[in-house]
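Below is one structure; the comments refer to it alone.
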Protein chains: 4
Amino acid sequence: MSQQNPVFIPGPTNIPEALRKACDMPTMDHRSSAFKDILHPARDVVAQVLRSATAEVFIFPATGTGGWEAAIANTLSAGDAVLAGRNGMFSHRWIDMCTRHGLDVQVLEHRWGQGLDAAAYQAALRADTDYRIKAVLATHNETATGVVSDIAAIRRAMDAVGHPALLMVDGVSSIGSMDFRMQEWGVDIAVTGSQKGFMMPAGLAIVGVSTKAMAHIDGAGLARCFFDFRDMQAGYAANAYPYTPAVGLLNGLKVAGEMLLEEGLETVIARHHYMAEGVRTAVRGWGLQLCAETPDVYSDTVSAILVPEGHDASAIVTRAADVYGTAFGAGLGEVSGKVFRIGHLGMITEGMLLQGIATAEMVMADIGVPVAMGSGVAAAQEYYRAAKSHTFDLAAE
Amino acid sequence: MSQQNPVFIPGPTNIPEALRKACDMPTMDHRSSAFKDILHPARDVVAQVLRSATAEVFIFPATGTGGWEAAIANTLSAGDAVLAGRNGMFSHRWIDMCTRHGLDVQVLEHRWGQGLDAAAYQAALRADTDYRIKAVLATHNETATGVVSDIAAIRRAMDAVGHPALLMVDGVSSIGSMDFRMQEWGVDIAVTGSQKGFMMPAGLAIVGVSTKAMAHIDGAGLARCFFDFRDMQAGYAANAYPYTPAVGLLNGLKVAGEMLLEEGLETVIARHHYMAEGVRTAVRGWGLQLCAETPDVYSDTVSAILVPEGHDASAIVTRAADVYGTAFGAGLGEVSGKVFRIGHLGMITEGMLLQGIATAEMVMADIGVPVAMGSGVAAAQEYYRAAKSHTFDLAAE
Amino acid sequence: MSQQNPVFIPGPTNIPEALRKACDMPTMDHRSSAFKDILHPARDVVAQVLRSATAEVFIFPATGTGGWEAAIANTLSAGDAVLAGRNGMFSHRWIDMCTRHGLDVQVLEHRWGQGLDAAAYQAALRADTDYRIKAVLATHNETATGVVSDIAAIRRAMDAVGHPALLMVDGVSSIGSMDFRMQEWGVDIAVTGSQKGFMMPAGLAIVGVSTKAMAHIDGAGLARCFFDFRDMQAGYAANAYPYTPAVGLLNGLKVAGEMLLEEGLETVIARHHYMAEGVRTAVRGWGLQLCAETPDVYSDTVSAILVPEGHDASAIVTRAADVYGTAFGAGLGEVSGKVFRIGHLGMITEGMLLQGIATAEMVMADIGVPVAMGSGVAAAQEYYRAAKSHTFDLAAE
Amino acid sequence: MSQQNPVFIPGPTNIPEALRKACDMPTMDHRSSAFKDILHPARDVVAQVLRSATAEVFIFPATGTGGWEAAIANTLSAGDAVLAGRNGMFSHRWIDMCTRHGLDVQVLEHRWGQGLDAAAYQAALRADTDYRIKAVLATHNETATGVVSDIAAIRRAMDAVGHPALLMVDGVSSIGSMDFRMQEWGVDIAVTGSQKGFMMPAGLAIVGVSTKAMAHIDGAGLARCFFDFRDMQAGYAANAYPYTPAVGLLNGLKVAGEMLLEEGLETVIARHHYMAEGVRTAVRGWGLQLCAETPDVYSDTVSAILVPEGHDASAIVTRAADVYGTAFGAGLGEVSGKVFRIGHLGMITEGMLLQGIATAEMVMADIGVPVAMGSGVAAAQEYYRAAKSHTFDLAAE
């Protein structure tokens, strides 16, 4: 696989040069006073990116999966009921994790490609008159299907029936890229990782926790130690960690957050939409469909593209890697073989995406998918040119 | 804090240039076929460093603390009894973790500075006639006190009474630096991290698991998901991870292991002994004592140095950082304020250690500890010169 | 200007990750014995890339311009006649340098876009019956016009009339990318830099000198010191430099040469041809012409593309940079405003070139050049797909 | 040679982490508008470090030797007389360069170890009643002998006799480390390189030129092209270079200058004096002498230490490298075998210097020089402790 080509997977993203350098630190003593000048600013920028003035931010040397585990283990007890929508592989995995921790998961099934149905959440919550459900789980952006769901609507559903459960949101592939408002939406626990919107290598689980959720940690019965918010909170109060922190990644996170905030979250969000629209325009140019069923659930960080019946989407990913040295995302779970995915999050440019689109065209044609050379590229070019003319100038980034 | 001075903490170590570069990778698709050429070699070199031909090696994006949790959560059930020696802060913390996971910990208390007492282990195991004890925990090298314990002796104690418990060893600050023989010593689970003998940044929990321990994972009742050996094993079989791996750190681990094996484990061990002896000679030159009570438990990776009554060891660490830009390790827990620590593991040189010794001399004198300038340096110099003349030539490394 | 997009200038190229790391060295003592293990291998790989078994290779901390100066200053005297073809900005500059050193330059003028005319060289040399001409200068690849000339033909022209002058060749933008045979073609001095075929940052002037040319250095009257072959030769004999060498760049050069030789020079050359053909196919797809007048002089490292009358090629370069964060080469000298250039040398991929082509399409359309979106991309895609099917698999590079 | 130990050569220095990263840039288009934001700030910070409000600063991709050549070639003509003091290898080499360029060098011989004698300069200039001498050359800091000379005194000598010659100063190993005042001292051309006070890799020749010297460039008869101030000046006016610049090194120079200015030049100078005094104190502790004859000429960037009769100083350098993986500077020219050198310039710390001193002690003892272990270390420690207590706190750097 060429190291020259960018990756088009939905995270880890292509790491900006500045973040490569911020992460690549010589050893510093993590018990020295200098460490706090990394730790606290990193937590602060995360809180700002989460758009919460009150959240406690915990950063574990782990991944988003560890963040899920931290979320449930610090707030729930074995036997607790949780309500969770499943509309793709990542929501599926979180549900599986809950089950393995002895939680009683009430699953709201959705088609893979469908956004989470707030009405279904509301119905289930209304039926839970004795408040057995302690937590409501929602995946903001299903990375497997390229579907974004309306978290504000789920919050409204909870509020409509006055349900006191905690709202836990997987924002792994949305936070830092798409509109996410922890405080406004009443999210109690938001989970992400370093390798998506923060554009860094994998290795950090990032968890924002509301005051309401923090009140649950002493009563939570699930065992935890590595992921214990209490140890971490005590550590932070002493400018330290309960164990050895990943200092370089924390420094990278600090710089990544500063980059996002300097650009402005609104601009970051608009940029991701603009980049994504070009890809979606190319898909239309190919005459293909997205896995995401309706425009309102199109993800601005990843597009899962349905290949026509009779073709194997996995072959696209394999051939792109083997013949063109280019990485796309494969379909996972129910949509395995049916979709391939183009990630368009992080510091990606129109030019890079045109490269990805052009490569996808070649590969699809190679395996017999009827796609005309240049068809997607031309559509995306026209979109970008038109959008540039009245909106965007990202050249100076 | 100057970035020019090396650190003298007992890990993370000063990272060799080659490992800085090996870890600092552009993004590669962790689901591509190229990933297996990092993953499997990394696991292979770890197994060789552990000196086991049969261990399953699991590598989590976490730290040594996560490795402890993986060890117990994958093999034990709530209410299981475990036997553990406590002789310093890190053995203490592992015990605490067990307690928080609902295990019934039978603690063998030791003085902080004492090696783990195999006879005490044997007595406890002999008394456990109905084999309630499912796991025996031992910290090979207590980083807090600079004490190495005799794991082979603990294995002999177990065998002497025919006890079937699993032997779990914290080798965080010994593996890759001091003699460690997983297979010969019958260690069932060995835990370490990336930032000690492997000389890398923190961010990997490394766990070697014996065939015997692997047989316990399906019966283990403790909840786990992020640290589940089963998911990881299934992932490895598919050349992948159950979640996003820390590819750069894995690549660094591969290179680090290759470096150790190329140098030869015997040489690595001898080199650490040689470096450590110089530091210990300096301590004698100062007229001070180690926290480690007897020469047979002196650690070759870290020396905890007792400061005379009436002096605050913490002031040494603080002043070294503030005035000389130099990081030493502070005392932890029971020995807080009583010791300061000089780490001498990883790719450290005599010259670097002489710098550390010289700096410690200045700082001790500054705070009133009666130490003559040059006294420790001269002692260490004589040791190194003499040892060089008949043993060592490390200049070509 | 985005740091995410690759550059499409004809050097410095996009630096491969391995070379970034090879150049970025901590300080080593350049008078230590370790230096020779960089110096001599670097010189050796250069000789192999030059395809000479006998050339002395000199590497100065300078650029290709310094290499030109080294070539003339070490072999010629003020008042000496030299014969030089001019067919672009870089051949022009070398001529200018000769004039400023007091040489009597007999210039063979060519159209900018034309290859050097061996017959014209032969006629001039035949007329030089008293051998006033001491050196024949030829630019192998005119970077300004994307024109490669036939150096073997110029050697044949010299041999046909038995002229004893030295043959000096500017191979700055050909060596390491296109077919270059120092020994077979009887090149006496070959000049290049680090930032083209060797894919590194600028900072090294690389000069290969034949035995015949070496015989001239004592008699050469031009003053030189920094660029003196004699000091350098004496230095190399002592495993050293006459002044401080650029150790990191030398180490990078060593690694770059090893990369080229491991891939195989024939493959490197074929790869550059393949990449270039895709770009040229795109140009045809646009209905545009190259500055290079005929296919036999098409350069495989850079294409200079004529924009239609009435359009300003400079505006393309400016807009690409300002609006799309993408760097193309501008026209220089006589072709300023008439051409823009796409560099396609070094470790560039089809995908990256498709990005460049797609971006050029957008920019040309933006400024009114009648180019259909996707027209060049589609043409290049078809070329690459067809070529892939029977020739190339570079994905594993 | 270990890459873990710092170097103790008098340049290239140990490169600060921030400068490693500033130099290691991905390729940017050096003809793009972004380049000017590196070029001009780099030149500006150099002018400030030179302490000149009026100097033109030229930066060549070369070394200090190239800077010497640029100085003379741009201002002098063959046959011009120059007056130069020789008191070490570097002043010798500049004289040799002048001779090779056809200049008529009037050499003022000094003992190697002696500072340049302003009275001797004055006598020679007074005798030059017809102003044949066009340039006065002086080496501010003789790196070979560790001798700093009084440039202000030489300027006074010139002024005392009203001599109009240009004053050219080699400040390679002083500028950015020791007091240097281009404008106040009436220096017409100041020469340095990137790898000394600017703490970067070698690869840049840095030349400051006074308005008076600039007036000479059109009349200068020496041939030059690569080093021509006129091309460079025209390039800068167009935000560009006459050839490919070393962009990464220029960016590093910009950052290096900013670091020096942020610390404050007075502080930088004082810091170098403080570091050097510790080394000199150690030399006294050993009972040895410096090559520099008197305290007023002690260099704050390098100490050349005389070894007692009967011992070979070269053996110290060789053994330090071979046995202890540590680089010291060897004696050059007349003092070859008589001195070894410890460089103490750049971002070096007391601790690092104590390492160097301790290592030198071991090596000297190894080869039979009667030096007591710890003797130099203790002396330096006492110096640093005492100085710290009332002056310095560099720990936060």
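By order in the structure tokens, chains are A, B, ...; within a chain, residues start at 1; ligands start at 1, following the order shown.
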
>> What are the residues of chain D lining chain C at 7 Å or less? Count only C-alpha atoms, and put the answer as a PyMOL selection string.
In response: chain D and resi 1+7+12-15+20+24+26-27+29+34+61-63+65-66+97+100-101+201-203+223-226+243-246+327

>> Please return, as a PyMOL selection string, all residues of stretch 26-188 of chain B that DSSP assigns to helix (DSSP H, G or I) on the basis of the backbone.
In response: chain B and resi 33-50+64-73+89-100+118-127+151-160

> stretch 352-360 of chain B: which residues within 7 Å, counting only C-alpha atoms, same-chain residues fewer than 5 positions away excluded, as JSON, numbers by chain?
Replying inline: {"B": [8, 374, 376, 377], "D": [5, 351, 352, 354, 355, 358]}

> For the atom pair atom CA of B:Gly325 and atom CA of B:Ile269, what is the interatomic distance in Å to one decimal place?
Replying inline: 29.4 Å

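With only C-alpha atoms as the atoms that count, the residue of C:Glu382, C:Glu277, C:Glu184, C:Asp300 with the shortest distance to C:Arg155 is C:Glu184.
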
>> Just to confirm, what's the straight-line distance from atom CA of C:Ser52 to atom CA of C:Ala119 in Å (one decimal)?
In response: 26.0 Å

>> Which residues are close to stretch 271-275 of chain D, i.e. within 8 Å by only C-alpha atoms, leaving aside same-chain residues fewer than 3 positions away? Reply as a PyMOL selection string.
In response: chain D and resi 177-178+267-268+278-279+300-301+344-346+348-350+353+384+387

> Which residue gives the smallest distance to A:His163 among A:Asp128, A:Asp150, A:Glu361, A:Glu263, with only C-alpha atoms counted?
Replying inline: A:Asp128

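Secondary structure from DSSP on the backbone puts strand (DSSP E or B) at the following positions of stretch 138-251 of chain B: Ala138, Thr139, Asn141, Glu142, Val147, Val148, Leu166, Leu167, Met168, Val169, Asp170, Ile189, Ala190, Val191, Thr192, Gly193, Ala205, Ile206, Val207, Gly208 and Val209 of chain B.
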
Based on the selection just made, write N, CA, C and O atoms of those residues as a compact mmCIF listing (two decimals), in the first residue's frame.
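Produced file part29.txt, reproduced below:
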# COMPACT_ATOMS: atom_id res chain seq x y z
N ALA B 138 1.95 -11.39 41.77
CA ALA B 138 3.26 -10.96 42.24
C ALA B 138 3.80 -9.87 41.33
O ALA B 138 3.68 -9.95 40.11
N THR B 139 4.35 -8.87 41.96
CA THR B 139 4.96 -7.77 41.21
C THR B 139 6.46 -8.05 41.10
O THR B 139 7.16 -8.07 42.11
N ASN B 141 8.96 -6.40 39.70
CA ASN B 141 9.83 -5.28 40.06
C ASN B 141 8.96 -4.16 40.60
O ASN B 141 8.15 -3.60 39.87
N GLU B 142 9.09 -3.88 41.90
CA GLU B 142 8.32 -2.79 42.49
C GLU B 142 8.98 -1.47 42.11
O GLU B 142 10.05 -1.12 42.64
N VAL B 147 12.69 -2.59 43.99
CA VAL B 147 12.88 -3.93 44.54
C VAL B 147 12.44 -4.98 43.52
O VAL B 147 11.30 -4.96 43.06
N VAL B 148 13.34 -5.88 43.21
CA VAL B 148 12.99 -6.99 42.34
C VAL B 148 12.75 -8.23 43.20
O VAL B 148 13.45 -8.46 44.19
N LEU B 166 -3.54 -19.72 39.09
CA LEU B 166 -2.77 -19.06 38.03
C LEU B 166 -1.75 -18.13 38.68
O LEU B 166 -2.04 -17.47 39.68
N LEU B 167 -0.58 -18.05 38.06
CA LEU B 167 0.45 -17.11 38.53
C LEU B 167 0.45 -15.90 37.60
O LEU B 167 0.77 -16.01 36.41
N MET B 168 0.08 -14.76 38.17
CA MET B 168 0.02 -13.51 37.39
C MET B 168 1.12 -12.58 37.87
O MET B 168 1.21 -12.31 39.06
N VAL B 169 1.89 -12.09 36.94
CA VAL B 169 3.05 -11.28 37.31
C VAL B 169 3.01 -9.91 36.64
O VAL B 169 2.84 -9.80 35.42
N ASP B 170 3.17 -8.90 37.45
CA ASP B 170 3.37 -7.54 36.95
C ASP B 170 4.85 -7.39 36.61
O ASP B 170 5.70 -7.34 37.51
N ILE B 189 0.16 -15.30 33.48
CA ILE B 189 -0.11 -14.02 32.83
C ILE B 189 0.99 -13.03 33.21
O ILE B 189 1.27 -12.83 34.39
N ALA B 190 1.60 -12.48 32.17
CA ALA B 190 2.65 -11.47 32.36
C ALA B 190 2.15 -10.17 31.78
O ALA B 190 1.64 -10.14 30.67
N VAL B 191 2.31 -9.11 32.56
CA VAL B 191 1.77 -7.80 32.15
C VAL B 191 2.91 -6.79 32.05
O VAL B 191 3.76 -6.70 32.95
N THR B 192 2.92 -6.04 30.96
CA THR B 192 3.84 -4.90 30.89
C THR B 192 3.21 -3.80 30.04
O THR B 192 2.06 -3.90 29.63
N GLY B 193 3.99 -2.75 29.84
CA GLY B 193 3.52 -1.62 29.06
C GLY B 193 4.59 -1.23 28.04
O GLY B 193 5.71 -1.75 28.07
N ALA B 205 -0.86 -1.61 26.53
CA ALA B 205 -0.82 -2.64 27.57
C ALA B 205 -0.48 -3.94 26.87
O ALA B 205 -1.12 -4.31 25.89
N ILE B 206 0.54 -4.62 27.38
CA ILE B 206 1.05 -5.82 26.73
C ILE B 206 0.87 -6.98 27.70
O ILE B 206 1.35 -6.91 28.84
N VAL B 207 0.19 -8.01 27.26
CA VAL B 207 -0.16 -9.11 28.15
C VAL B 207 0.18 -10.43 27.48
O VAL B 207 -0.28 -10.70 26.37
N GLY B 208 1.00 -11.24 28.15
CA GLY B 208 1.27 -12.59 27.69
C GLY B 208 0.46 -13.56 28.52
O GLY B 208 0.41 -13.44 29.74
N VAL B 209 -0.17 -14.51 27.86
CA VAL B 209 -1.11 -15.40 28.54
C VAL B 209 -0.76 -16.85 28.22
O VAL B 209 -0.67 -17.23 27.04

> Leaving out D:Gln233 and any residue of its chain fewer than 3 positions from it, which residues lie within 12 Å of it when counting only C-alpha atoms, given as a ChimeraX atom specification?
Replying inline: /D:40,43,56-60,209,214,217,227-230,236-242
